[in-house]
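A.B. asks: So I've got this file, my_file25.tsv, and it contains TSV, C-alpha atoms and all ligand atoms:
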```tsv
chain	number	residue	atom	x	y	z
A	1	MET	CA	-10.85	-46.37	-148.11
A	2	LYS	CA	-8.59	-43.34	-147.63
A	3	LYS	CA	-11.20	-41.17	-149.36
A	4	ILE	CA	-13.93	-42.42	-147.03
A	5	LEU	CA	-11.72	-41.76	-144.01
A	6	ALA	CA	-11.01	-38.22	-145.22
A	7	LEU	CA	-14.72	-37.67	-145.77
A	8	VAL	CA	-15.60	-38.89	-142.28
A	9	LEU	CA	-12.87	-36.67	-140.80
A	10	ALA	CA	-14.10	-33.64	-142.73
A	11	LEU	CA	-17.65	-34.31	-141.57
A	12	ALA	CA	-16.56	-34.63	-137.93
A	13	LEU	CA	-14.61	-31.37	-138.27
A	14	CYS	CA	-17.66	-29.64	-139.73
A	15	ILE	CA	-19.87	-30.80	-136.84
A	16	THR	CA	-17.27	-29.67	-134.26
A	17	CYS	CA	-16.91	-26.29	-135.96
A	18	ALA	CA	-20.67	-25.83	-136.22
A	19	SER	CA	-21.15	-26.53	-132.51
A	20	ALA	CA	-18.17	-24.28	-131.66
A	21	PHE	CA	-19.95	-21.48	-133.50
A	22	ALA	CA	-23.46	-22.26	-132.29
A	23	ASP	CA	-24.89	-19.50	-130.10
A	24	LYS	CA	-25.16	-20.50	-126.47
A	25	VAL	CA	-28.38	-20.05	-124.51
A	26	GLY	CA	-28.43	-20.27	-120.72
A	27	VAL	CA	-31.61	-21.67	-119.18
A	28	ALA	CA	-31.89	-21.04	-115.43
A	29	MET	CA	-34.67	-23.08	-113.80
A	30	PRO	CA	-35.74	-22.76	-110.14
A	31	THR	CA	-35.96	-26.35	-108.91
A	32	GLN	CA	-36.31	-29.97	-109.87
A	33	SER	CA	-38.55	-30.67	-106.90
A	34	LEU	CA	-41.72	-29.75	-108.80
A	35	GLN	CA	-42.67	-31.70	-111.88
A	36	ARG	CA	-43.34	-28.79	-114.18
A	37	TRP	CA	-39.85	-27.28	-114.08
A	38	ASN	CA	-38.32	-30.61	-115.12
A	39	GLN	CA	-40.64	-30.60	-118.10
A	40	ASP	CA	-39.96	-26.93	-118.84
A	41	GLY	CA	-36.19	-27.50	-118.70
A	42	ALA	CA	-36.32	-30.63	-120.85
A	43	ASN	CA	-38.60	-29.00	-123.44
A	44	MET	CA	-36.45	-25.87	-123.62
A	45	LYS	CA	-33.26	-27.91	-124.06
A	46	GLU	CA	-34.75	-30.18	-126.69
A	47	GLN	CA	-36.33	-27.38	-128.70
A	48	LEU	CA	-33.31	-25.04	-128.47
A	49	GLU	CA	-30.95	-27.81	-129.56
A	50	ALA	CA	-33.25	-28.72	-132.44
A	51	ALA	CA	-33.02	-25.05	-133.50
A	52	GLY	CA	-29.19	-25.33	-133.53
A	53	PHE	CA	-28.31	-23.67	-130.21
A	54	GLU	CA	-25.98	-24.91	-127.53
A	55	VAL	CA	-27.76	-25.05	-124.18
A	56	ASP	CA	-26.55	-24.54	-120.62
A	57	LEU	CA	-29.46	-25.78	-118.48
A	58	GLN	CA	-29.24	-25.34	-114.70
A	59	TYR	CA	-31.58	-26.01	-111.78
A	60	ALA	CA	-31.05	-24.06	-108.54
A	61	ASN	CA	-32.76	-26.18	-105.89
A	62	ASN	CA	-34.94	-23.20	-104.86
A	63	ASP	CA	-31.77	-21.50	-103.59
A	64	VAL	CA	-31.45	-17.88	-104.77
A	65	ALA	CA	-27.67	-17.70	-104.16
A	66	MET	CA	-27.20	-20.84	-106.25
A	67	GLN	CA	-29.29	-19.35	-109.07
A	68	VAL	CA	-27.19	-16.17	-108.97
A	69	SER	CA	-23.96	-18.14	-109.28
A	70	GLN	CA	-25.40	-20.27	-112.09
A	71	ILE	CA	-26.28	-17.08	-114.00
A	72	GLU	CA	-22.77	-15.69	-113.35
A	73	ASN	CA	-21.33	-18.85	-114.91
A	74	MET	CA	-23.64	-18.55	-117.91
A	75	ILE	CA	-22.32	-15.02	-118.47
A	76	LEU	CA	-18.71	-16.27	-118.17
A	77	ASN	CA	-19.53	-19.09	-120.58
A	78	ASP	CA	-20.53	-16.59	-123.20
A	79	CYS	CA	-24.26	-17.27	-123.33
A	80	LYS	CA	-25.88	-14.83	-125.75
A	81	VAL	CA	-29.36	-15.22	-124.29
A	82	LEU	CA	-30.42	-15.99	-120.72
A	83	VAL	CA	-33.82	-17.55	-120.15
A	84	VAL	CA	-34.57	-17.19	-116.46
A	85	ALA	CA	-37.34	-18.83	-114.42
A	86	SER	CA	-36.57	-17.13	-111.13
A	87	ILE	CA	-36.97	-18.36	-107.58
A	88	ASP	CA	-37.40	-14.84	-106.24
A	89	GLY	CA	-38.19	-12.53	-109.16
A	90	GLY	CA	-36.98	-9.47	-107.24
A	91	ALA	CA	-33.60	-10.84	-106.16
A	92	LEU	CA	-31.63	-10.92	-109.40
A	93	ASP	CA	-31.14	-7.27	-110.37
A	94	THR	CA	-27.36	-7.21	-109.74
A	95	VAL	CA	-26.50	-10.36	-111.66
A	96	LEU	CA	-28.88	-9.36	-114.46
A	97	GLY	CA	-27.04	-6.04	-114.64
A	98	GLN	CA	-23.78	-7.98	-115.13
A	99	ALA	CA	-25.47	-9.97	-117.87
A	100	LYS	CA	-26.62	-6.81	-119.64
A	101	ASP	CA	-23.09	-5.35	-119.39
A	102	ALA	CA	-21.83	-8.51	-121.07
A	103	GLY	CA	-24.35	-7.98	-123.89
A	104	CYS	CA	-26.78	-10.79	-123.02
A	105	ILE	CA	-30.42	-10.70	-123.98
A	106	ILE	CA	-32.58	-11.60	-120.97
A	107	ILE	CA	-35.93	-13.34	-121.18
A	108	ALA	CA	-37.98	-13.92	-118.02
A	109	TYR	CA	-39.54	-17.38	-118.32
A	110	ASP	CA	-42.96	-17.96	-116.75
A	111	ARG	CA	-42.08	-15.81	-113.69
A	112	LEU	CA	-41.57	-12.07	-114.11
A	113	LEU	CA	-38.22	-10.52	-113.15
A	114	THR	CA	-39.26	-7.60	-110.97
A	115	GLY	CA	-37.72	-4.38	-109.69
A	116	THR	CA	-35.14	-4.33	-112.47
A	117	LYS	CA	-34.57	-2.66	-115.81
A	118	ASN	CA	-32.33	-5.58	-116.74
A	119	VAL	CA	-34.87	-7.76	-118.49
A	120	ASP	CA	-35.82	-7.58	-122.16
A	121	TYR	CA	-38.84	-9.83	-122.61
A	122	TYR	CA	-41.19	-12.12	-120.72
A	123	THR	CA	-42.93	-15.29	-121.87
A	124	THR	CA	-45.65	-16.77	-119.66
A	125	PHE	CA	-49.26	-17.87	-119.44
A	126	ASP	CA	-51.98	-15.36	-118.61
A	127	ASN	CA	-51.42	-15.57	-114.85
A	128	TYR	CA	-54.35	-13.42	-113.70
A	129	GLY	CA	-56.44	-15.44	-116.16
A	130	VAL	CA	-55.39	-18.69	-114.41
A	131	GLY	CA	-56.81	-17.38	-111.12
A	132	LYS	CA	-59.98	-16.18	-112.83
A	133	ILE	CA	-60.62	-19.63	-114.29
A	134	GLN	CA	-60.23	-21.15	-110.81
A	135	GLY	CA	-62.63	-18.59	-109.30
A	136	GLN	CA	-65.15	-19.03	-112.12
A	137	TYR	CA	-65.03	-22.79	-111.66
A	138	VAL	CA	-66.09	-22.40	-108.01
A	139	GLU	CA	-68.70	-19.79	-108.98
A	140	GLN	CA	-70.29	-22.16	-111.50
A	141	LYS	CA	-69.91	-25.36	-109.50
A	142	PHE	CA	-71.88	-23.87	-106.59
A	143	ASP	CA	-74.11	-21.70	-108.79
A	144	LEU	CA	-73.15	-18.79	-106.57
A	145	ALA	CA	-74.95	-16.21	-108.69
A	146	ASN	CA	-78.33	-17.86	-108.07
A	147	THR	CA	-78.09	-19.86	-104.85
A	148	ASP	CA	-79.31	-18.84	-101.41
A	149	ALA	CA	-77.06	-21.42	-99.76
A	150	VAL	CA	-73.90	-20.52	-97.82
A	151	TYR	CA	-70.63	-22.33	-98.51
A	152	THR	CA	-67.34	-22.33	-96.61
A	153	ILE	CA	-64.05	-21.66	-98.37
A	154	GLU	CA	-60.35	-21.54	-97.47
A	155	PHE	CA	-57.57	-20.17	-99.66
A	156	THR	CA	-54.05	-21.49	-100.25
A	157	GLY	CA	-51.66	-19.38	-102.32
A	158	GLY	CA	-48.12	-19.60	-103.64
A	159	ASP	CA	-44.67	-18.28	-102.85
A	160	PRO	CA	-44.47	-14.57	-101.98
A	161	GLY	CA	-41.25	-14.14	-104.03
A	162	ASP	CA	-43.02	-15.37	-107.16
A	163	ASN	CA	-44.82	-12.54	-108.93
A	164	ASN	CA	-47.30	-15.05	-110.37
A	165	ALA	CA	-48.57	-16.05	-106.94
A	166	GLY	CA	-50.25	-12.68	-106.28
A	167	LEU	CA	-51.75	-12.66	-109.79
A	168	PHE	CA	-53.23	-16.16	-109.42
A	169	PHE	CA	-54.75	-15.29	-106.06
A	170	GLY	CA	-55.92	-11.89	-107.31
A	171	GLY	CA	-57.66	-13.42	-110.34
A	172	ALA	CA	-59.55	-15.96	-108.21
A	173	TYR	CA	-60.32	-13.54	-105.39
A	174	ASP	CA	-61.70	-10.87	-107.71
A	175	VAL	CA	-64.26	-13.38	-109.01
A	176	LEU	CA	-65.20	-14.64	-105.51
A	177	LYS	CA	-65.09	-11.42	-103.47
A	178	PRO	CA	-68.66	-10.34	-104.30
A	179	TYR	CA	-69.89	-13.67	-102.89
A	180	LEU	CA	-67.76	-13.26	-99.75
A	181	ASP	CA	-69.17	-9.75	-99.37
A	182	ALA	CA	-72.72	-11.05	-99.83
A	183	GLY	CA	-72.18	-13.82	-97.25
A	184	LYS	CA	-72.73	-16.64	-99.74
A	185	LEU	CA	-69.12	-17.68	-99.20
A	186	VAL	CA	-67.64	-17.70	-95.70
A	187	CYS	CA	-63.96	-18.07	-94.95
A	188	VAL	CA	-64.18	-19.33	-91.37
A	189	SER	CA	-60.47	-18.85	-90.63
A	190	GLY	CA	-60.78	-15.25	-91.84
A	191	GLN	CA	-57.50	-15.71	-93.75
A	192	VAL	CA	-58.14	-13.89	-97.01
A	193	ASN	CA	-55.04	-11.71	-97.40
A	194	PHE	CA	-52.26	-12.92	-99.64
A	195	ASP	CA	-49.62	-12.89	-96.87
A	196	GLN	CA	-51.88	-15.04	-94.66
A	197	ILE	CA	-52.50	-17.67	-97.32
A	198	ALA	CA	-49.07	-17.74	-99.05
A	199	THR	CA	-47.03	-20.97	-99.17
A	200	PRO	CA	-43.23	-20.51	-99.10
A	201	ASN	CA	-41.63	-22.26	-102.10
A	202	TRP	CA	-45.05	-23.60	-103.10
A	203	ASP	CA	-44.16	-26.47	-100.79
A	204	SER	CA	-46.76	-29.25	-100.48
A	205	ALA	CA	-45.76	-30.10	-96.90
A	206	LYS	CA	-46.15	-26.45	-95.82
A	207	ALA	CA	-49.58	-26.21	-97.50
A	208	GLN	CA	-50.52	-29.45	-95.75
A	209	SER	CA	-49.51	-28.32	-92.27
A	210	ARG	CA	-51.28	-24.96	-92.67
A	211	MET	CA	-54.46	-26.80	-93.72
A	212	ASP	CA	-54.02	-29.17	-90.72
A	213	ALA	CA	-54.08	-26.12	-88.45
A	214	ILE	CA	-57.13	-24.65	-90.20
A	215	LEU	CA	-59.08	-27.92	-90.00
A	216	THR	CA	-58.39	-28.48	-86.31
A	217	GLY	CA	-58.80	-24.82	-85.43
A	218	TYR	CA	-61.92	-23.92	-87.44
A	219	TYR	CA	-63.61	-27.10	-88.69
A	220	PRO	CA	-62.91	-29.58	-85.84
A	221	ASP	CA	-66.30	-31.36	-85.92
A	222	ALA	CA	-66.74	-31.33	-89.69
A	223	LEU	CA	-67.15	-35.09	-89.95
A	224	THR	CA	-69.50	-35.45	-87.00
A	225	GLY	CA	-72.17	-33.04	-88.13
A	226	GLY	CA	-70.31	-29.77	-87.44
A	227	GLN	CA	-69.15	-27.02	-89.76
A	228	LYS	CA	-67.75	-28.64	-92.93
A	229	LEU	CA	-65.30	-27.13	-95.39
A	230	ASP	CA	-66.83	-26.95	-98.89
A	231	ILE	CA	-64.12	-25.32	-101.01
A	232	ALA	CA	-60.32	-25.30	-100.87
A	233	LEU	CA	-59.18	-22.76	-103.43
A	234	CYS	CA	-55.55	-23.67	-104.10
A	235	SER	CA	-53.42	-21.71	-106.57
A	236	ASN	CA	-51.55	-24.71	-107.99
A	237	ASP	CA	-51.18	-28.47	-107.87
A	238	SER	CA	-48.28	-28.73	-105.40
A	239	THR	CA	-50.32	-26.82	-102.81
A	240	ALA	CA	-53.51	-28.69	-103.79
A	241	GLN	CA	-51.73	-32.00	-103.16
A	242	GLY	CA	-50.73	-30.88	-99.65
A	243	VAL	CA	-54.25	-29.64	-98.92
A	244	SER	CA	-55.83	-32.83	-100.27
A	245	ALA	CA	-53.47	-34.94	-98.11
A	246	SER	CA	-54.40	-32.90	-95.04
A	247	LEU	CA	-58.13	-33.31	-95.70
A	248	GLN	CA	-57.74	-37.07	-96.24
A	249	GLN	CA	-55.75	-37.42	-93.07
A	250	PHE	CA	-58.51	-35.56	-91.25
A	251	GLY	CA	-60.97	-38.19	-92.52
A	252	TYR	CA	-62.47	-36.62	-95.64
A	253	THR	CA	-62.89	-39.09	-98.52
A	254	ALA	CA	-63.66	-38.79	-102.23
A	255	GLU	CA	-67.36	-38.73	-101.24
A	256	ASN	CA	-67.22	-35.62	-99.08
A	257	ILE	CA	-63.88	-33.90	-99.78
A	258	PRO	CA	-64.19	-30.16	-100.53
A	259	VAL	CA	-63.87	-28.91	-104.09
A	260	ILE	CA	-60.12	-28.41	-104.52
A	261	THR	CA	-58.72	-26.31	-107.37
A	262	GLY	CA	-55.20	-26.54	-108.79
A	263	GLN	CA	-52.96	-25.67	-111.70
A	264	ASP	CA	-50.33	-27.43	-113.85
A	265	CYS	CA	-51.95	-30.83	-114.38
A	266	ASP	CA	-49.14	-32.47	-112.43
A	267	LYS	CA	-49.32	-36.24	-112.70
A	268	ALA	CA	-50.06	-36.59	-108.99
A	269	SER	CA	-52.91	-34.11	-109.26
A	270	VAL	CA	-54.43	-35.71	-112.35
A	271	ILE	CA	-54.29	-39.03	-110.48
A	272	ASN	CA	-56.04	-37.29	-107.56
A	273	MET	CA	-58.67	-35.96	-109.99
A	274	LEU	CA	-59.27	-39.48	-111.29
A	275	ALA	CA	-59.71	-40.64	-107.67
A	276	GLY	CA	-62.10	-37.77	-106.80
A	277	LEU	CA	-59.56	-36.11	-104.51
A	278	GLN	CA	-59.07	-32.88	-106.52
A	279	ALA	CA	-61.78	-31.26	-108.64
A	280	MET	CA	-59.92	-29.42	-111.37
A	281	SER	CA	-56.59	-28.14	-112.56
A	282	ILE	CA	-55.34	-25.68	-115.15
A	283	PHE	CA	-53.43	-27.05	-118.10
A	284	LYS	CA	-50.45	-24.92	-119.06
A	285	ASP	CA	-48.79	-26.89	-121.83
A	286	THR	CA	-45.07	-26.50	-121.12
A	287	ARG	CA	-44.35	-27.52	-124.73
A	288	THR	CA	-46.21	-24.41	-125.95
A	289	LEU	CA	-44.38	-22.07	-123.58
A	290	ALA	CA	-41.02	-23.56	-124.61
A	291	ALA	CA	-41.92	-23.24	-128.32
A	292	GLN	CA	-42.93	-19.60	-127.86
A	293	THR	CA	-39.72	-18.85	-125.94
A	294	VAL	CA	-37.51	-20.60	-128.50
A	295	ALA	CA	-39.23	-18.65	-131.30
A	296	MET	CA	-38.44	-15.48	-129.35
A	297	VAL	CA	-34.76	-16.48	-128.94
A	298	LYS	CA	-34.50	-17.20	-132.68
A	299	ASP	CA	-36.09	-13.88	-133.63
A	300	LEU	CA	-33.91	-11.89	-131.26
A	301	LEU	CA	-30.66	-13.48	-132.38
A	302	ALA	CA	-31.66	-12.96	-136.00
A	303	GLY	CA	-32.30	-9.29	-135.26
A	304	ASN	CA	-36.08	-9.59	-135.78
A	305	ALA	CA	-38.82	-8.21	-133.54
A	306	PRO	CA	-40.33	-11.07	-131.49
A	307	GLU	CA	-44.08	-11.70	-131.24
A	308	ILE	CA	-45.60	-9.77	-128.30
A	309	ASN	CA	-49.23	-9.81	-127.15
A	310	ALA	CA	-49.07	-8.31	-123.62
A	311	THR	CA	-47.02	-6.25	-121.22
A	312	TYR	CA	-46.36	-6.80	-117.50
A	313	ASP	CA	-45.43	-4.01	-115.09
A	314	ASN	CA	-42.34	-5.19	-113.21
A	315	GLY	CA	-42.21	-2.14	-110.93
A	316	VAL	CA	-39.68	-0.38	-113.19
A	317	PHE	CA	-41.23	-0.63	-116.64
A	318	GLU	CA	-43.79	-2.45	-118.77
A	319	VAL	CA	-41.97	-5.57	-119.91
A	320	PRO	CA	-42.95	-6.64	-123.45
A	321	SER	CA	-44.45	-10.09	-123.02
A	322	PHE	CA	-46.07	-13.05	-124.67
A	323	ASN	CA	-49.01	-14.59	-122.82
A	324	CYS	CA	-49.88	-18.19	-123.71
A	325	THR	CA	-53.45	-19.25	-122.97
A	326	PRO	CA	-54.18	-21.41	-119.91
A	327	VAL	CA	-56.86	-24.09	-120.31
A	328	PHE	CA	-59.35	-25.45	-117.79
A	329	ALA	CA	-58.94	-29.20	-117.09
A	330	ASP	CA	-61.14	-31.69	-115.27
A	331	LEU	CA	-62.43	-35.23	-115.64
A	332	ASP	CA	-64.58	-34.27	-118.63
A	333	ASN	CA	-61.71	-33.16	-120.87
A	334	TYR	CA	-58.51	-34.74	-119.50
A	335	GLN	CA	-58.60	-37.56	-122.07
A	336	GLU	CA	-58.41	-35.17	-125.00
A	337	LEU	CA	-56.22	-32.57	-123.30
A	338	LEU	CA	-53.65	-34.77	-121.62
A	339	LEU	CA	-53.74	-38.21	-123.23
A	340	ASP	CA	-54.76	-37.68	-126.86
A	341	SER	CA	-52.34	-34.73	-127.07
A	342	GLY	CA	-49.47	-37.01	-125.99
A	343	TYR	CA	-48.72	-34.96	-122.84
A	344	TYR	CA	-49.02	-38.12	-120.71
A	345	THR	CA	-49.30	-41.79	-121.45
A	346	ALA	CA	-52.12	-43.78	-119.86
A	347	GLU	CA	-49.52	-45.70	-117.83
A	348	GLU	CA	-48.15	-42.46	-116.38
A	349	LEU	CA	-51.61	-41.74	-115.00
A	350	GLY	CA	-51.95	-45.27	-113.68
A	351	LEU	CA	-54.69	-46.10	-116.22
A	401	LIG	C1	-45.93	-21.30	-112.00
A	401	LIG	C2	-46.90	-22.40	-111.67
A	401	LIG	C3	-46.28	-23.34	-110.65
A	401	LIG	C4	-45.68	-22.59	-109.49
A	401	LIG	C5	-44.90	-23.51	-108.58
A	401	LIG	C6	-45.48	-20.62	-110.74
A	401	LIG	O1	-44.62	-19.58	-111.03
A	401	LIG	O2	-46.51	-20.38	-112.89
A	401	LIG	O3	-47.23	-23.10	-112.85
A	401	LIG	O4	-47.25	-24.22	-110.17
A	401	LIG	O5	-44.81	-21.58	-109.93
A	401	LIG	O6	-43.83	-24.06	-109.22
```
Starting from the coordinates I provided, produce the structure as structure tokens.
C.D. replies:
Amino acid sequence: MKKILALVLALALCITCASAFADKVGVAMPTQSLQRWNQDGANMKEQLEAAGFEVDLQYANNDVAMQVSQIENMILNDCKVLVVASIDGGALDTVLGQAKDAGCIIIAYDRLLTGTKNVDYYTTFDNYGVGKIQGQYVEQKFDLANTDAVYTIEFTGGDPGDNNAGLFFGGAYDVLKPYLDAGKLVCVSGQVNFDQIATPNWDSAKAQSRMDAILTGYYPDALTGGQKLDIALCSNDSTAQGVSASLQQFGYTAENIPVITGQDCDKASVINMLAGLQAMSIFKDTRTLAAQTVAMVKDLLAGNAPEINATYDNGVFEVPSFNCTPVFADLDNYQELLLDSGYYTAEELGL
């Protein structure tokens, strides 16, 4: 009995010692208000812990000052690596400088840290590629290369402090611009510059109220034989949900709602796709991004060179990066992509 007790005690001591010596990784996430960051945070925590790290995971409620103080605490708590999904990529230079002085390795997660030399690596999806897929979807859906018809389009972008937002919009716009120039696509509101179409904090309600204003201002008689909106190019799902809600409130139904693009395969957006209220989304498997980031953390702490397949200019230097591949998603492939892969259960999608 005594022997067993001693063994149990020794084991407990071992576990305590191991966790006392485990390297700490700080994971700073922007907000819990959007589904994807909850998944990103949970995946990062689970995969880092499985790799033997201690994890300090924080969400900052889209509040830059709160994110700064969370990062300060991570430095104080001796985190060896900081994985940062920023709220405003250009607002963290000072605190990142403190982290570098303390010897931390800094990885920008999904969103680039800009205007700073204090970042080591970046893991993300091909952000310009996301926008291109959205633009190409519209191009193919309306056969823009061959048609003589004219279609109307309105754009909804993301948060101006998020470096990704400009890349998403740029990717889509570069595909569609020739058709705008040729008059095959017409943006009746005339709002085609990023600052006109941006959505602070990627907020659904803000995207909704901007679309309300566009519909009443530029497409008021759409449902009584007047000018109808054909395409709502939205950079992601949270904005697509706001735009879809606005259109439905205006009286559009699944039968005549414009083609709405999105990104993330949020549950609410996949449910909208199933109901005919959003046409497509982009699947960015958060499990893959977490796995790639954890592999990078492991390599760096072991003194090995991490896998790099891209660079991103952050205004100060070309940040060595790893781009995961975004995948097009719609009703034709969601079963395989989202259900068979275990990303969602049928119940989660209301099936
Ligand atoms: C991410 C998108 C996300 C958006 C809003 C972007 O930085 O890349 O996947 O939809 O933020 O959270």
A.B. asks: Could you list the protein, DNA and RNA residues that have any atom within 8 Å of ligand LIG 401 (chain A), counting all atoms listed in the file, and write them as an MDAnalysis selection string?
C.D. replies: chainID A and resid 34 36:37 110:111 124:125 127 158:159 162:165 201:202 235:238 263:264 284
A.B. asks: For A:Met296, which residue out of A:Ile308, A:Asn146, A:Glu54, A:Thr31 is the nearest one, using only C-alpha atoms?
C.D. replies: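 Smallest separation from A:Met296 among the options: A:Ile308.
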A.B. asks: Could you jot down the atom CA of A:Ile153 to atom CA of A:Leu274 separation for me, Å, one decimal place?
C.D. replies: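 So the two atoms, atom CA of A:Ile153 and atom CA of A:Leu274, lie 22.5 Å apart.
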A.B. asks: If I take atom CA of A:Asp120 and atom CA of A:Met44, how far is one from the other in Å, to one decimal?
C.D. replies: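 One can read the atom CA of A:Asp120 to atom CA of A:Met44 distance as 18.4 Å.
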A.B. asks: Rounded to one decimal, what separation in Å do you get between atom CA of A:Ala329 and atom CA of A:Glu348?
C.D. replies: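 Value for the atom CA of A:Ala329-atom CA of A:Glu348 distance: 17.1 Å.
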A.B. asks: Write out as an MDAnalysis selection string the residues lying within 12 Å of A:Phe328, counting only C-alpha atoms and excluding same-chain residues fewer than 2 positions away.
C.D. replies: chainID A and resid 129:137 261:265 279:285 325:326 330:334 337:338
A.B. asks: Compile a residue-level contact table for stretch 214-284 of chain A against stretch 174-186 of chain A at a cut-off of 12 Å, reporting for every qualifying residue the shortest atom pair and its distance in Å to one decimal, with only C-alpha atoms counted, rows ordered by chain and ascending number, as CSV.
C.D. replies:
```
residue,atom,partner,partner_atom,distance
A:Tyr218,CA,A:Val186,CA,11.8
A:Gln227,CA,A:Val186,CA,11.2
A:Lys228,CA,A:Val186,CA,11.3
A:Leu229,CA,A:Val186,CA,9.7
A:Asp230,CA,A:Leu185,CA,9.6
A:Ile231,CA,A:Leu185,CA,9.3
A:Ala232,CA,A:Val186,CA,11.8
A:Leu233,CA,A:Leu176,CA,10.3
```
A.B. asks: A:Asp266, A:Glu347, A:Asp88, A:Asp212: which is nearest A:Gly242, counting only C-alpha atoms?
C.D. replies: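 Comparing A:Asp266, A:Glu347, A:Asp88, A:Asp212 against A:Gly242, the winner is A:Asp212.
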